[in-house]
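Everything below concerns the one structure shown next.
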Amino acid sequence: MAYQSAQATDDIPGLAVLADPTRRVLLDLLRRKPLPVGELASQMPVSRPAVSQHLKVLKEAQLVREHRQGTRHYFALNPAGFAGLREYADSMWQEALNAFATYVAEQTRSTAKSRARTGPPKRRKER
């Protein structure tokens, strides 16, 4: 079965990339400051070549950027690359809020109609 949506997740390059836990850990490490590949690899349970491959995927998805300083390759987060992810998440949140507002409005109308048929709620006598 194929799913159809207003915005297919294939249009959001970073979304599938974030499914991998190793890549999420790398992004978390890079949140603090740019780091060289060697330092990133020393903090990971996978080999340095594996870290390099994950960084390559993150770079292709434009979630990180690379700069060289001498013989070292530094990686840093690319805020512009997260814009598409942010837009997608914001649109989902806005749709949820709109659906909730519609639900509340329907419930309010339903309650008002019910009260119109039965009259106002009866008050309890205070003792």
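Please note that chains go A, B, ... in the order of the structure tokens, that every chain numbers its residues from 1, and that ligands are numbered from 1 in the order shown.
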Those of chain A in DSSP strand (DSSP E or B), formatted as a ChimeraX atom specification = /A:35-36,64-69,72-77
Produce a file of the selected residues containing C-alpha atoms, as a tab-separated table (two decimals), in the first residue's frame.
```
chain	number	residue	atom	x	y	z
A	35	LEU	CA	34.60	18.86	16.10
A	36	PRO	CA	37.22	17.04	14.02
A	64	VAL	CA	26.31	19.33	8.73
A	65	ARG	CA	29.02	21.25	6.96
A	66	GLU	CA	32.72	20.54	6.75
A	67	HIS	CA	35.72	22.79	6.83
A	68	ARG	CA	39.36	21.89	6.81
A	69	GLN	CA	42.00	23.34	9.04
A	72	ARG	CA	41.95	18.10	10.15
A	73	HIS	CA	38.39	17.90	8.87
A	74	TYR	CA	36.00	19.73	11.18
A	75	PHE	CA	32.27	19.19	11.11
A	76	ALA	CA	29.62	21.55	12.42
A	77	LEU	CA	25.84	21.68	12.34
```
Apply DSSP to the structure's backbone, then extract all residues of chain A labelled helix (DSSP H, G or I) and return them as a ChimeraX atom specification.
-> /A:9-11,13-17,21-32,37-42,48-60,79-118
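Distance check against Lys33 of chain A using only C-alpha atoms: of A:Ala89, A:Glu60, A:Gln53, A:Asn78, the minimum falls on A:Asn78.
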Rank A:Ala105, A:Ala41, A:Leu58, A:Ala50 by their smallest atom-to-atom distance to Arg23 of chain A, using only C-alpha atoms, and report the top residue only.
->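 Counting only C-alpha atoms, the residue closest to Arg23 of chain A is A:Leu58.
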Have a look at A:Ala96, A:Leu63, A:Ala116, A:Val51 and name the one nearest to Leu18 of chain A; count only C-alpha atoms.
->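 Smallest distance to Leu18 of chain A is found for A:Leu63.
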For Gln43 of chain A, the nearest of the candidates A:Leu26, A:Ala99, A:Leu15, A:Ala61, counting only C-alpha atoms |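 The answer is A:Leu26, which sits nearest to Gln43 of chain A.
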Between atom CA of Val104 of chain A and atom CA of Arg86 of chain A, measure the distance and give it in Å to one decimal.
->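 Between atom CA of Val104 of chain A and atom CA of Arg86 of chain A the gap works out to 26.9 Å.
Considering the residues A:Leu40, A:Arg123, A:Ser52, A:Glu106 and counting only C-alpha atoms, Asp28 of chain A has its shortest atom-to-atom contact with A:Leu40.
Remark: for Gly14 of chain A, the closest of the candidate residues A:Arg48, A:Leu30, A:Leu55, A:Gln62 is A:Gln62 (distances computed over only C-alpha atoms).
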May I ask for the distance between atom CA of Thr22 of chain A and atom CA of Pro45 of chain A, given in Å to one decimal place?
->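 Value for the atom CA of Thr22 of chain A-atom CA of Pro45 of chain A distance: 8.9 Å.
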